[in-house]
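S.K.: What follows is a single structure, and I will ask about it in a moment.
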Protein chains: 2
Amino acid sequence: MAQKPSIPKGTRDFGPAEMARRNYIFDTIRSVYALYGFRQIETPSMENLSTLMGKYGEEGDKLLFKILDSGDFLRGIDPSAFCEGGTPKLAACLCEKGLRYDLTVPFARYVVQHREELTLPFRRFQIQPVWRADRPQKGRYREFYQCDADVVGSDSLLNEVELMQIIDEVFRRFGIRVCIKINNRKILTGIAEMIGQADKIVDITVAIDKLDKIGLDAVNAELAEDGIPADAIEKLQPIIKLCGTNEEKIATMREVLKDSEIGLKGIDEVEYVLRQYVLVTASSLEERTEGGSLLELDLTLARGLNYYTGCIFEVKALDVEIGSITGGGRYDNLTGIFGMPGLSGVGISFGADRIYDVLNQLDLYPKEVSTATQLLFVNFGEAEASYALPAVAACRRAGIRAEIYPDAAKMKKQMQYANAREIPFVALAGETEMAAGTFTLKNMQTGEQTAVTTEQLIAAVLA
Amino acid sequence: MAQKPSIPKGTRDFGPAEMARRNYIFDTIRSVYALYGFRQIETPSMENLSTLMGKYGEEGDKLLFKILDSGDFLRGIDPSAFCEGGTPKLAACLCEKGLRYDLTVPFARYVVQHREELTLPFRRFQIQPVWRADRPQKGRYREFYQCDADVVGSDSLLNEVELMQIIDEVFRRFGIRVCIKINNRKILTGIAEMIGQADKIVDITVAIDKLDKIGLDAVNAELAEDGIPADAIEKLQPIIKLCGTNEEKIATMREVLKDSEIGLKGIDEVEYVLRQYVLVTASSLEERTEGGSLLELDLTLARGLNYYTGCIFEVKALDVEIGSITGGGRYDNLTGIFGMPGLSGVGISFGADRIYDVLNQLDLYPKEVSTATQLLFVNFGEAEASYALPAVAACRRAGIRAEIYPDAAKMKKQMQYANAREIPFVALAGETEMAAGTFTLKNMQTGEQTAVTTEQLIAAVLA
């Protein structure tokens with residue numbers, strides 16, 4: 001046989017068992033989003049490169065998958081130009097479209113393009129794949145799904161509260177115990193101001209963000225490397241090492257940042273969001289708290305991203321060692337890049353691939369997730385098949401996922417098929433059953449066999 | 001404001017209302033497929049070009065979207081070579097991946113690649129977008145969904161019967177009255193043999209396929225142009241003009257093709273499939289037949305495709321003028337292209353975009369399709385919002401899709417929002433309600449207002 005065909009590196013096939021689990025994840029997220037008044041949209045896989053380029057930084061531009069123009073893509077290009085300017089310039093000549101890199105930029109484009117049709121505030125969710133020409137590695141793929149929800153056109157912190165409720169509800173439905181970490185970009189700005197390093201805020205947040213991974217000493221070393229003076233680093237220490245309850249942290253930070261207007265505003269925001277969230281979900285918090293912190297103000301949380309301007313969220317699973325499984329925050333000028341300034345937005349994104357890993361590790365899938373066949377009718381030949389077909393149809397009308405083996409193959413082969421497919425019930429009808437108007441129903445787990453009418457058959461499988 | 005951003009031609013954004021309808025279509029097809037024991041898979045959007053090229057004919061190769069290799073895609077290419085060999089050769093140097101053109105070739109690739117894990121016969125379904133660099137026009141898009149189901153590894157005609165049952169069930173659920181047309185490639189081969197033009201079968205079927213569009217004279221002219229002699233064209237006439245019930249057609253064809261072994265085999269197959277199908281769905285046929293033919297042996301049906309080897313299906317909507325809304329057939333060597341010969345397959349594909357158009361034209365969507373917000377809580381300020389939040393949460397726990405307006409905007413603006421979003425119920429709580437522990441519930445259709453507790457509110461919205 002010829003060499004096995006393969007798929008591009010960093011991409012995946014999903015078989016039936018994986019699909020059932022993935023659909024469970026997407027369906028759960030989708031129904032919670034809908035419960036909170038979010039409405040689904042979809043955007044094309046391809047966007048114009050002019051929409052995508054320059055939105056994800058220089059590194060992001062390189063990771064965009066570009067689509068070769070169709071037809072005579074060389075038309076009008078001077079061949080000698082191919083070597084000048086290098087690959088980026090040539091790519092711009094050969095390609096005018098690229099694959100979606102995330103769901104945020106297409107959403108911003110959507111809002112601006114359709115602004116006349118939209119009623120603000122607009123709450124949308126979107127569950128679609130994105131593509132990145134990243135180096136593939138364990139847990140990092142070139143095609144993967146994002147599950148985003150955003151509200152644009154409202155400054156209210158109630159949106160933050162509701163997004164946290166959504167996070168809580170989704171993970172409650174999954175049965176995954178999580179900690180929702182919250183921070184606020186304004187607090188970080190206040191800190192940078194306080195130590196007189198306002199222009200170094202990005203460096204500071206990036207360094208602080210690494211605390212968990214590399215430890216305090218390395219963070220301090222990195223801050224020094226970034227050109228933060230020793231006295232400023234010294235001032236940062238109590239903040240980086242801050243601990244206690246959320247209330248204690250807030251009280252401490254309110255004191256530390258008492259001279260920073262923006263810092264205090266950030267603290268006010270976090271305090272309001274935490275208070276409202278606890279108010280709404282009080283009962284659920286009690287239910288789930290078992291010593292672990294479920295809701296944590298975490299000043300080391302910076303999400304490494306520059307466009308957040310207010311609250312920042314990140315969710316960690318309590319019972320599995322894995323990175324953030326959900327994240328989000330507020331950004332104040334999402335649509336400005338497309339010429340529509342002044343629209344504030346806040347959003348979250350569930351990491352479906354990591355949630356899949358967590359559910360697998362904890363074995364948390366409910367039984368009903370499977371959409372596999374429940375009942376197989378054995379096929380003994382044309383007459384027997386004709387006898388069985390109306391019963392197969394009746395089972396399906398009753399909602400039973402049923403199959404008849406298509407070929408009159410050997411009994412052994414058909415039973416092997418039932419076993420390999422893990423089909424729990426098998427129905428047989430030969431001469432005896434046909435004469436009696438019945439089927440023999442075999443329970444594949446217990447081996448028990450009973451003579452049943454079609455109605456009894458349906459009742460037994462549904463039981 | 002800057003120029004509005006746009007999307008690539010031939011692609012579409014789907015807003016919330018369209019998404020609800022599209023999800024209804026996909027969910028319906030998905031659940032019927034599952035009921036018949038088909039299991040869902042997904043394959044990557046990108047395949048290696050070596051998997052895709054040469055599988056769709058020369059024209060198809062041109063319509064593949066190719067993805068520019070990432071990184072230094074010029075490495076190792078002699079610039080002077082760019083002009084030699086033209087664009088196809090250069091494309092092959094610059095690109096090693098392409099976007100999926102249909103779901104059939106990736107499925108064949110999947111079966112061969114995963115053959116050790118699969119239990120045959122393998123019934124899979126797949127609902128994913130495909131991409132074609134076609135010239136965009138009304139109803140033809142560069143990105144569109146296919147909804148395929150196939151069985152591989154079984155020659156049994158029961159598979160054909162079940163696929164027809166699936167078609168019947170799906171359109172019954174949609175409420176679309178259809179005619180399922182059936183033909184068999186072997187009958188067509190028999191016809192070509194009978195008139196001594198076995199090598200001209202492709203030309204003959206392509207010409208016959210145009211009968212509906214261009215009429216008998218033009219078909220005859222085309223046959224002549226194709227080099228079919230006049231006497232052979234003469235012999236074809238009774239076949240092309242064949243009419244009557246399916247039984248009459250079968251009887252006539254059995255006579256006409258009495259000397260063609262393969263032709264008679266084709267007739268046997270069609271007769272068996274029709275008989276079994278009628279047996280299983282008898283009641284439903286009676287229900288739906290109203291003069292129109294629901295099941296039609298149509299010898300002009302050739303699907304213009306060369307790879308079908310047995311039964312061929314096509315579905316037409318009875319009440320809307322539109323092309324085929326579903327099609328399929330049997331092919332005997334799907335996986336041979338990847339070095340795994342001898343596996344027979346049969347499949348169907350629902351045309352989601354056309355079904356969407358039909359459902360829209362006939363206004364057949366059930367009410368429950370909408371996943372829009374059912375209840376809006378008006379926001380009068382921080383204290384009132386805090387009072388409302390637990391009630392919002394209680395409504396959601398009861399399964400009501402509920403929102404609280406995030407900002408304490410003017411009453412008029414909030415009511416305009418409710419109207420624009422077509423939210424049927426609005427709940428208000430100011431000082432009076434807060435003192436009484438109630439809400440005022442407004443029915444937006446009748447204008448009726450009632451004072452209710454949270455429990456009564458939930459009951460009223462769910463009623």
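Chain identifiers are assigned as A, B, and so on, following the order in which chains appear in the structure tokens; residues are numbered from 1 within each chain, and ligands are numbered from 1 in order of appearance.
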Define the interface residues of chain A facing chain B as those within 6 Å, counting only C-alpha atoms, and report them as a PyMOL selection string.
M.R.: chain A and resi 1-2+4-5+7-8+11-16+35-37+39-44+47-48+66-68+113+156+158+280+339+373+390+401-403+406-407
S.K.: The selected residues should be written to file as a short mmCIF file (atom, residue, chain, number, x, y, z; two decimals), in the first residue's frame (atoms: N, CA, C and O atoms).
M.R.:
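Output (part00.cif):
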data_model
loop_
_atom_site.label_atom_id
_atom_site.label_comp_id
_atom_site.auth_asym_id
_atom_site.auth_seq_id
_atom_site.Cartn_x
_atom_site.Cartn_y
_atom_site.Cartn_z
N MET A 1 0.83 -1.20 0.00
CA MET A 1 0.00 0.00 0.00
C MET A 1 0.87 1.26 0.00
O MET A 1 1.96 1.28 0.56
N ALA A 2 0.41 2.29 -0.64
CA ALA A 2 1.16 3.54 -0.73
C ALA A 2 1.37 4.13 0.66
O ALA A 2 0.75 3.69 1.62
N LYS A 4 0.99 6.29 3.84
CA LYS A 4 -0.22 6.86 4.43
C LYS A 4 -0.28 8.35 4.19
O LYS A 4 0.70 9.05 4.39
N PRO A 5 -1.45 8.86 3.82
CA PRO A 5 -1.57 10.31 3.73
C PRO A 5 -1.52 10.91 5.13
O PRO A 5 -1.76 10.22 6.12
N ILE A 7 -1.76 14.90 7.62
CA ILE A 7 -2.31 16.25 7.66
C ILE A 7 -1.20 17.22 8.03
O ILE A 7 -0.18 16.81 8.60
N PRO A 8 -1.38 18.50 7.73
CA PRO A 8 -0.34 19.48 8.02
C PRO A 8 0.00 19.50 9.51
O PRO A 8 -0.88 19.32 10.36
N THR A 11 -2.12 20.58 12.96
CA THR A 11 -3.58 20.45 12.78
C THR A 11 -4.01 19.08 13.30
O THR A 11 -3.17 18.21 13.53
N ARG A 12 -5.31 18.89 13.46
CA ARG A 12 -5.83 17.66 14.06
C ARG A 12 -7.08 17.16 13.36
O ARG A 12 -7.90 17.95 12.92
N ASP A 13 -7.21 15.84 13.30
CA ASP A 13 -8.49 15.20 13.00
C ASP A 13 -9.19 14.95 14.33
O ASP A 13 -8.54 14.59 15.32
N PHE A 14 -10.52 15.11 14.34
CA PHE A 14 -11.29 14.76 15.54
C PHE A 14 -12.20 13.60 15.20
O PHE A 14 -13.07 13.72 14.34
N GLY A 15 -12.01 12.49 15.87
CA GLY A 15 -12.85 11.32 15.67
C GLY A 15 -14.16 11.44 16.43
O GLY A 15 -14.37 12.42 17.17
N PRO A 16 -15.04 10.45 16.27
CA PRO A 16 -16.38 10.53 16.86
C PRO A 16 -16.39 10.75 18.39
O PRO A 16 -17.17 11.58 18.88
N LEU A 35 -28.09 32.42 27.74
CA LEU A 35 -28.83 32.70 28.97
C LEU A 35 -28.57 34.11 29.47
O LEU A 35 -29.41 34.72 30.13
N TYR A 36 -27.39 34.62 29.15
CA TYR A 36 -27.02 35.96 29.60
C TYR A 36 -27.27 37.01 28.52
O TYR A 36 -26.78 38.13 28.61
N GLY A 37 -28.04 36.63 27.50
CA GLY A 37 -28.42 37.61 26.49
C GLY A 37 -27.38 37.88 25.43
O GLY A 37 -27.51 38.83 24.66
N ARG A 39 -25.56 37.09 21.89
CA ARG A 39 -26.08 36.55 20.64
C ARG A 39 -24.93 36.15 19.74
O ARG A 39 -23.93 36.85 19.62
N GLN A 40 -25.13 35.02 19.08
CA GLN A 40 -24.03 34.45 18.31
C GLN A 40 -23.87 35.12 16.95
O GLN A 40 -24.85 35.43 16.28
N ILE A 41 -22.64 35.35 16.54
CA ILE A 41 -22.36 35.74 15.16
C ILE A 41 -21.26 34.83 14.63
O ILE A 41 -20.59 34.13 15.40
N GLU A 42 -21.12 34.81 13.30
CA GLU A 42 -19.95 34.17 12.69
C GLU A 42 -19.40 35.10 11.63
O GLU A 42 -20.14 35.78 10.94
N THR A 43 -18.10 35.11 11.53
CA THR A 43 -17.43 35.92 10.51
C THR A 43 -16.67 34.97 9.58
O THR A 43 -16.43 33.82 9.94
N PRO A 44 -16.30 35.44 8.39
CA PRO A 44 -15.63 34.54 7.44
C PRO A 44 -14.26 34.08 7.96
O PRO A 44 -13.61 34.79 8.73
N GLU A 47 -10.16 37.01 6.10
CA GLU A 47 -10.36 38.45 6.15
C GLU A 47 -9.37 39.09 5.17
O GLU A 47 -8.34 38.48 4.83
N ASN A 48 -9.67 40.30 4.72
CA ASN A 48 -8.66 41.03 3.95
C ASN A 48 -7.43 41.23 4.82
O ASN A 48 -7.55 41.51 6.01
N LYS A 66 -1.39 33.40 5.14
CA LYS A 66 -1.80 34.23 4.00
C LYS A 66 -2.24 33.33 2.85
O LYS A 66 -1.68 32.26 2.62
N ILE A 67 -3.25 33.76 2.13
CA ILE A 67 -3.83 32.95 1.06
C ILE A 67 -3.40 33.50 -0.29
O ILE A 67 -3.60 34.70 -0.58
N LEU A 68 -2.80 32.64 -1.07
CA LEU A 68 -2.32 33.04 -2.39
C LEU A 68 -3.50 33.51 -3.23
O LEU A 68 -4.53 32.82 -3.31
N GLN A 113 -18.38 47.66 10.47
CA GLN A 113 -19.02 47.45 9.17
C GLN A 113 -20.56 47.45 9.27
O GLN A 113 -21.24 47.91 8.38
N SER A 156 -20.35 50.25 31.80
CA SER A 156 -20.78 49.79 33.12
C SER A 156 -19.99 48.58 33.60
O SER A 156 -19.74 47.63 32.85
N LEU A 158 -21.14 46.47 35.52
CA LEU A 158 -22.05 45.32 35.60
C LEU A 158 -21.67 44.28 34.54
O LEU A 158 -21.89 43.08 34.73
N VAL A 280 -24.37 38.36 44.05
CA VAL A 280 -25.21 37.56 43.16
C VAL A 280 -24.97 36.07 43.31
O VAL A 280 -25.89 35.27 43.20
N GLY A 339 -11.41 53.14 12.65
CA GLY A 339 -11.93 54.48 12.44
C GLY A 339 -13.22 54.78 13.18
O GLY A 339 -13.92 55.72 12.83
N THR A 373 -24.34 5.00 18.91
CA THR A 373 -25.48 4.12 18.66
C THR A 373 -25.86 3.33 19.91
O THR A 373 -25.01 2.80 20.61
N PRO A 390 -39.07 -1.96 9.70
CA PRO A 390 -40.09 -1.13 10.38
C PRO A 390 -39.82 -0.95 11.88
O PRO A 390 -40.09 0.10 12.44
N ARG A 401 -31.06 5.97 19.02
CA ARG A 401 -30.07 5.96 17.95
C ARG A 401 -29.82 4.49 17.59
O ARG A 401 -29.20 3.75 18.33
N ALA A 402 -30.36 4.10 16.43
CA ALA A 402 -30.38 2.68 16.07
C ALA A 402 -29.79 2.46 14.68
O ALA A 402 -29.87 3.32 13.81
N GLU A 403 -29.19 1.29 14.50
CA GLU A 403 -28.64 0.89 13.21
C GLU A 403 -29.08 -0.52 12.89
O GLU A 403 -29.29 -1.33 13.80
N PRO A 406 -25.67 -3.34 7.72
CA PRO A 406 -26.14 -3.27 6.34
C PRO A 406 -25.99 -4.57 5.55
O PRO A 406 -26.79 -4.84 4.67
N ASP A 407 -24.98 -5.36 5.88
CA ASP A 407 -24.74 -6.58 5.11
C ASP A 407 -25.16 -7.81 5.92
O ASP A 407 -25.10 -7.82 7.14
#
S.K.: Please provide the set of residues having any atom within 12 Å of A:Pro238, restricted to only C-alpha atoms, with same-chain residues fewer than 2 positions apart removed, written as a list in words.
M.R.: Ile191, Leu216, Ala232, Ile233, Glu234, Lys235, Leu236, Ile240, Lys241, Leu242, Cys243, Lys249, Thr252, Met253, Glu255, Val256, Leu299 and Thr300 of chain A
S.K.: Go ahead and dump the residues you just picked, N, CA, C and O atoms, as a compact mmCIF listing (two decimals), in the first residue's frame.
M.R.:
# COMPACT_ATOMS: atom_id res chain seq x y z
N ILE A 191 0.58 51.86 40.11
CA ILE A 191 1.84 51.40 40.70
C ILE A 191 3.03 52.00 39.96
O ILE A 191 3.98 52.50 40.56
N LEU A 216 10.47 35.32 42.58
CA LEU A 216 10.68 36.73 42.89
C LEU A 216 12.04 37.24 42.45
O LEU A 216 12.15 38.32 41.86
N ALA A 232 13.11 51.95 42.94
CA ALA A 232 11.76 51.67 42.44
C ALA A 232 11.44 50.19 42.63
O ALA A 232 10.33 49.82 43.03
N ILE A 233 12.41 49.32 42.31
CA ILE A 233 12.19 47.88 42.51
C ILE A 233 11.91 47.61 43.98
O ILE A 233 11.02 46.82 44.33
N GLU A 234 12.62 48.29 44.85
CA GLU A 234 12.41 48.14 46.28
C GLU A 234 10.97 48.48 46.66
O GLU A 234 10.29 47.73 47.37
N LYS A 235 10.50 49.61 46.08
CA LYS A 235 9.12 50.03 46.37
C LYS A 235 8.09 49.02 45.88
O LYS A 235 6.98 48.95 46.39
N LEU A 236 8.45 48.28 44.86
CA LEU A 236 7.51 47.32 44.27
C LEU A 236 7.33 46.07 45.14
O LEU A 236 6.32 45.36 45.03
N ILE A 240 4.31 43.20 45.02
CA ILE A 240 4.46 41.89 44.38
C ILE A 240 4.16 40.78 45.40
O ILE A 240 3.56 39.76 45.07
N LYS A 241 4.58 41.00 46.65
CA LYS A 241 4.43 39.95 47.65
C LYS A 241 3.13 40.03 48.45
O LYS A 241 2.93 39.28 49.40
N LEU A 242 2.28 40.95 48.02
CA LEU A 242 1.00 41.16 48.72
C LEU A 242 0.24 39.86 48.97
O LEU A 242 0.14 39.02 48.10
N CYS A 243 -0.31 39.69 50.18
CA CYS A 243 -1.13 38.51 50.42
C CYS A 243 -2.27 38.83 51.39
O CYS A 243 -2.47 39.98 51.76
N LYS A 249 -6.18 42.81 50.88
CA LYS A 249 -5.36 43.32 49.78
C LYS A 249 -5.86 44.69 49.32
O LYS A 249 -5.07 45.60 49.07
N THR A 252 -4.87 47.35 51.83
CA THR A 252 -3.44 47.65 51.72
C THR A 252 -3.16 48.51 50.49
O THR A 252 -2.47 49.53 50.55
N MET A 253 -3.72 48.08 49.34
CA MET A 253 -3.45 48.78 48.09
C MET A 253 -4.01 50.20 48.12
O MET A 253 -3.44 51.12 47.55
N GLU A 255 -4.11 52.08 50.59
CA GLU A 255 -3.13 52.87 51.35
C GLU A 255 -1.89 53.15 50.48
O GLU A 255 -1.44 54.28 50.36
N VAL A 256 -1.38 52.09 49.86
CA VAL A 256 -0.15 52.22 49.04
C VAL A 256 -0.36 53.22 47.90
O VAL A 256 0.53 54.01 47.58
N LEU A 299 -2.42 40.79 41.88
CA LEU A 299 -1.75 41.92 41.24
C LEU A 299 -0.68 41.49 40.25
O LEU A 299 -0.18 42.29 39.48
N THR A 300 -0.32 40.20 40.29
CA THR A 300 0.70 39.75 39.33
C THR A 300 0.07 39.41 37.99
O THR A 300 0.75 39.08 37.04
S.K.: List as a list in words the protein and nucleic acid residues near A:Glu193, meaning an atom at most 10 Å away when only C-alpha atoms are counted, but skip any in the same chain fewer than 2 places from it.
M.R.: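 In the requested format, the answer is Ile187, Leu188, Thr189, Gly190, Ile191, Ile195, Gly196, Gln197, Ala198, Asp199, Lys200, Ile201, Leu257, Asp259, Ser260, Glu261, Ile262 and Gly263 of chain A.
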S.K.: Would you please extract all strand (DSSP E or B) residues from stretch 144-366 of chain A, as assigned by DSSP on the backbone, and give them as a ChimeraX atom specification?
M.R.: /A:144-152,178-184,295-297,311-317,326-331,345-350
S.K.: Write the selection just made, keeping N, CA, C and O atoms, as a compact mmCIF listing (two decimals), in the first residue's frame?
M.R.:
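Contents of the output file out_10.txt:
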# COMPACT_ATOMS: atom_id res chain seq x y z
N PHE A 144 -7.19 26.13 16.02
CA PHE A 144 -7.87 25.83 17.28
C PHE A 144 -9.06 26.76 17.45
O PHE A 144 -9.15 27.81 16.81
N TYR A 145 -10.00 26.35 18.31
CA TYR A 145 -11.23 27.11 18.50
C TYR A 145 -11.07 28.15 19.60
O TYR A 145 -10.43 27.90 20.62
N GLN A 146 -11.69 29.30 19.38
CA GLN A 146 -11.87 30.26 20.45
C GLN A 146 -13.37 30.40 20.72
O GLN A 146 -14.18 30.21 19.82
N CYS A 147 -13.70 30.73 21.97
CA CYS A 147 -15.11 30.85 22.37
C CYS A 147 -15.24 32.18 23.10
O CYS A 147 -15.12 32.22 24.32
N ASP A 148 -15.48 33.23 22.35
CA ASP A 148 -15.44 34.58 22.91
C ASP A 148 -16.82 35.16 23.17
O ASP A 148 -17.75 34.91 22.40
N ALA A 149 -16.92 35.95 24.23
CA ALA A 149 -18.11 36.78 24.42
C ALA A 149 -17.62 38.19 24.74
O ALA A 149 -16.67 38.35 25.52
N ASP A 150 -18.22 39.18 24.13
CA ASP A 150 -17.86 40.58 24.37
C ASP A 150 -19.11 41.43 24.42
O ASP A 150 -20.11 41.14 23.77
N VAL A 151 -19.02 42.51 25.23
CA VAL A 151 -20.04 43.56 25.20
C VAL A 151 -19.35 44.82 24.73
O VAL A 151 -18.32 45.20 25.29
N VAL A 152 -19.89 45.45 23.70
CA VAL A 152 -19.33 46.76 23.30
C VAL A 152 -20.41 47.82 23.45
O VAL A 152 -21.60 47.55 23.30
N VAL A 178 -12.70 26.06 40.01
CA VAL A 178 -11.75 27.03 39.49
C VAL A 178 -11.52 28.18 40.46
O VAL A 178 -12.30 28.39 41.40
N CYS A 179 -10.44 28.90 40.22
CA CYS A 179 -10.21 30.18 40.86
C CYS A 179 -10.26 31.25 39.78
O CYS A 179 -9.55 31.17 38.79
N ILE A 180 -11.12 32.24 40.00
CA ILE A 180 -11.17 33.37 39.07
C ILE A 180 -10.26 34.45 39.63
O ILE A 180 -10.47 34.95 40.73
N LYS A 181 -9.22 34.77 38.87
CA LYS A 181 -8.31 35.83 39.31
C LYS A 181 -8.70 37.13 38.64
O LYS A 181 -9.06 37.14 37.46
N ILE A 182 -8.64 38.19 39.41
CA ILE A 182 -9.00 39.48 38.86
C ILE A 182 -7.92 40.50 39.19
O ILE A 182 -7.26 40.40 40.23
N ASN A 183 -7.71 41.41 38.28
CA ASN A 183 -6.81 42.53 38.51
C ASN A 183 -7.36 43.69 37.70
O ASN A 183 -8.39 43.55 37.03
N ASN A 184 -6.70 44.83 37.78
CA ASN A 184 -7.16 45.96 37.00
C ASN A 184 -5.94 46.72 36.47
O ASN A 184 -5.02 47.04 37.22
N LEU A 295 -11.91 33.30 44.38
CA LEU A 295 -12.00 34.61 43.79
C LEU A 295 -10.80 35.32 44.35
O LEU A 295 -10.70 35.50 45.55
N GLU A 296 -9.87 35.72 43.51
CA GLU A 296 -8.62 36.23 44.05
C GLU A 296 -8.17 37.48 43.31
O GLU A 296 -7.96 37.45 42.10
N LEU A 297 -8.02 38.54 44.05
CA LEU A 297 -7.38 39.73 43.50
C LEU A 297 -5.90 39.40 43.38
O LEU A 297 -5.23 39.12 44.38
N CYS A 311 -10.50 46.15 34.08
CA CYS A 311 -10.41 44.84 34.73
C CYS A 311 -9.77 43.80 33.81
O CYS A 311 -9.93 43.85 32.59
N ILE A 312 -9.06 42.89 34.44
CA ILE A 312 -8.42 41.78 33.73
C ILE A 312 -8.82 40.50 34.48
O ILE A 312 -8.80 40.46 35.71
N PHE A 313 -9.19 39.47 33.73
CA PHE A 313 -9.57 38.18 34.36
C PHE A 313 -8.68 37.06 33.88
O PHE A 313 -8.23 37.05 32.73
N GLU A 314 -8.53 36.07 34.74
CA GLU A 314 -7.88 34.85 34.33
C GLU A 314 -8.42 33.73 35.21
O GLU A 314 -8.67 33.96 36.40
N VAL A 315 -8.61 32.56 34.65
CA VAL A 315 -9.20 31.46 35.41
C VAL A 315 -8.22 30.29 35.44
O VAL A 315 -7.68 29.89 34.41
N LYS A 316 -8.00 29.77 36.66
CA LYS A 316 -7.14 28.60 36.82
C LYS A 316 -7.98 27.44 37.37
O LYS A 316 -8.81 27.64 38.25
N ALA A 317 -7.72 26.25 36.84
CA ALA A 317 -8.37 25.07 37.38
C ALA A 317 -7.69 24.72 38.71
O ALA A 317 -6.47 24.79 38.82
N THR A 326 -9.29 30.31 30.90
CA THR A 326 -10.19 31.36 30.42
C THR A 326 -9.54 32.69 30.76
O THR A 326 -8.84 32.80 31.77
N GLY A 327 -9.76 33.67 29.94
CA GLY A 327 -9.19 34.97 30.23
C GLY A 327 -10.00 36.06 29.59
O GLY A 327 -10.88 35.79 28.77
N GLY A 328 -9.72 37.31 29.99
CA GLY A 328 -10.43 38.40 29.36
C GLY A 328 -10.14 39.71 30.06
O GLY A 328 -9.25 39.78 30.91
N GLY A 329 -10.90 40.73 29.67
CA GLY A 329 -10.70 42.02 30.28
C GLY A 329 -11.37 43.13 29.50
O GLY A 329 -12.05 42.87 28.51
N ARG A 330 -11.18 44.35 29.99
CA ARG A 330 -11.78 45.51 29.32
C ARG A 330 -10.73 46.26 28.50
O ARG A 330 -9.59 46.40 28.91
N TYR A 331 -11.15 46.65 27.32
CA TYR A 331 -10.31 47.43 26.41
C TYR A 331 -11.15 48.63 26.01
O TYR A 331 -12.35 48.51 25.79
N GLY A 345 -15.23 48.23 25.31
CA GLY A 345 -15.65 46.84 25.27
C GLY A 345 -15.04 46.04 26.39
O GLY A 345 -14.04 46.42 26.99
N VAL A 346 -15.69 44.92 26.72
CA VAL A 346 -15.14 44.01 27.71
C VAL A 346 -15.52 42.60 27.28
O VAL A 346 -16.63 42.38 26.78
N GLY A 347 -14.59 41.66 27.43
CA GLY A 347 -14.88 40.33 26.93
C GLY A 347 -14.09 39.24 27.62
O GLY A 347 -13.15 39.50 28.37
N ILE A 348 -14.53 38.01 27.39
CA ILE A 348 -13.82 36.84 27.89
C ILE A 348 -13.70 35.81 26.77
O ILE A 348 -14.41 35.88 25.77
N SER A 349 -12.78 34.87 26.97
CA SER A 349 -12.56 33.84 25.97
C SER A 349 -12.26 32.52 26.69
O SER A 349 -11.32 32.45 27.49
N PHE A 350 -13.09 31.52 26.43
CA PHE A 350 -12.85 30.21 27.03
C PHE A 350 -11.87 29.43 26.15
O PHE A 350 -12.02 29.40 24.92
S.K.: Quick one: residues within 10 Å of A:Arg22, only C-alpha atoms counted, chain neighbours fewer than 6 positions away excluded, as a list in words?
M.R.: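 Here the qualifying residues turn out to be Phe14, Pro16, Thr28, Ala352, Asp353, Ile355, Tyr356 and Val369 of chain A.
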S.K.: Can you list every residue in stretch 248-432 of chain B that DSSP puts in alpha helix (DSSP H), as an MDAnalysis selection string?
M.R.: chainID B and resid 248:256 261:288 352:362 382:397 411:420 431:432
S.K.: Provide the atom CA of B:Arg254 to atom CA of B:Val278 distance in Å, to one decimal place.
M.R.: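 Result for atom CA of B:Arg254 versus atom CA of B:Val278: 20.3 Å, one decimal.
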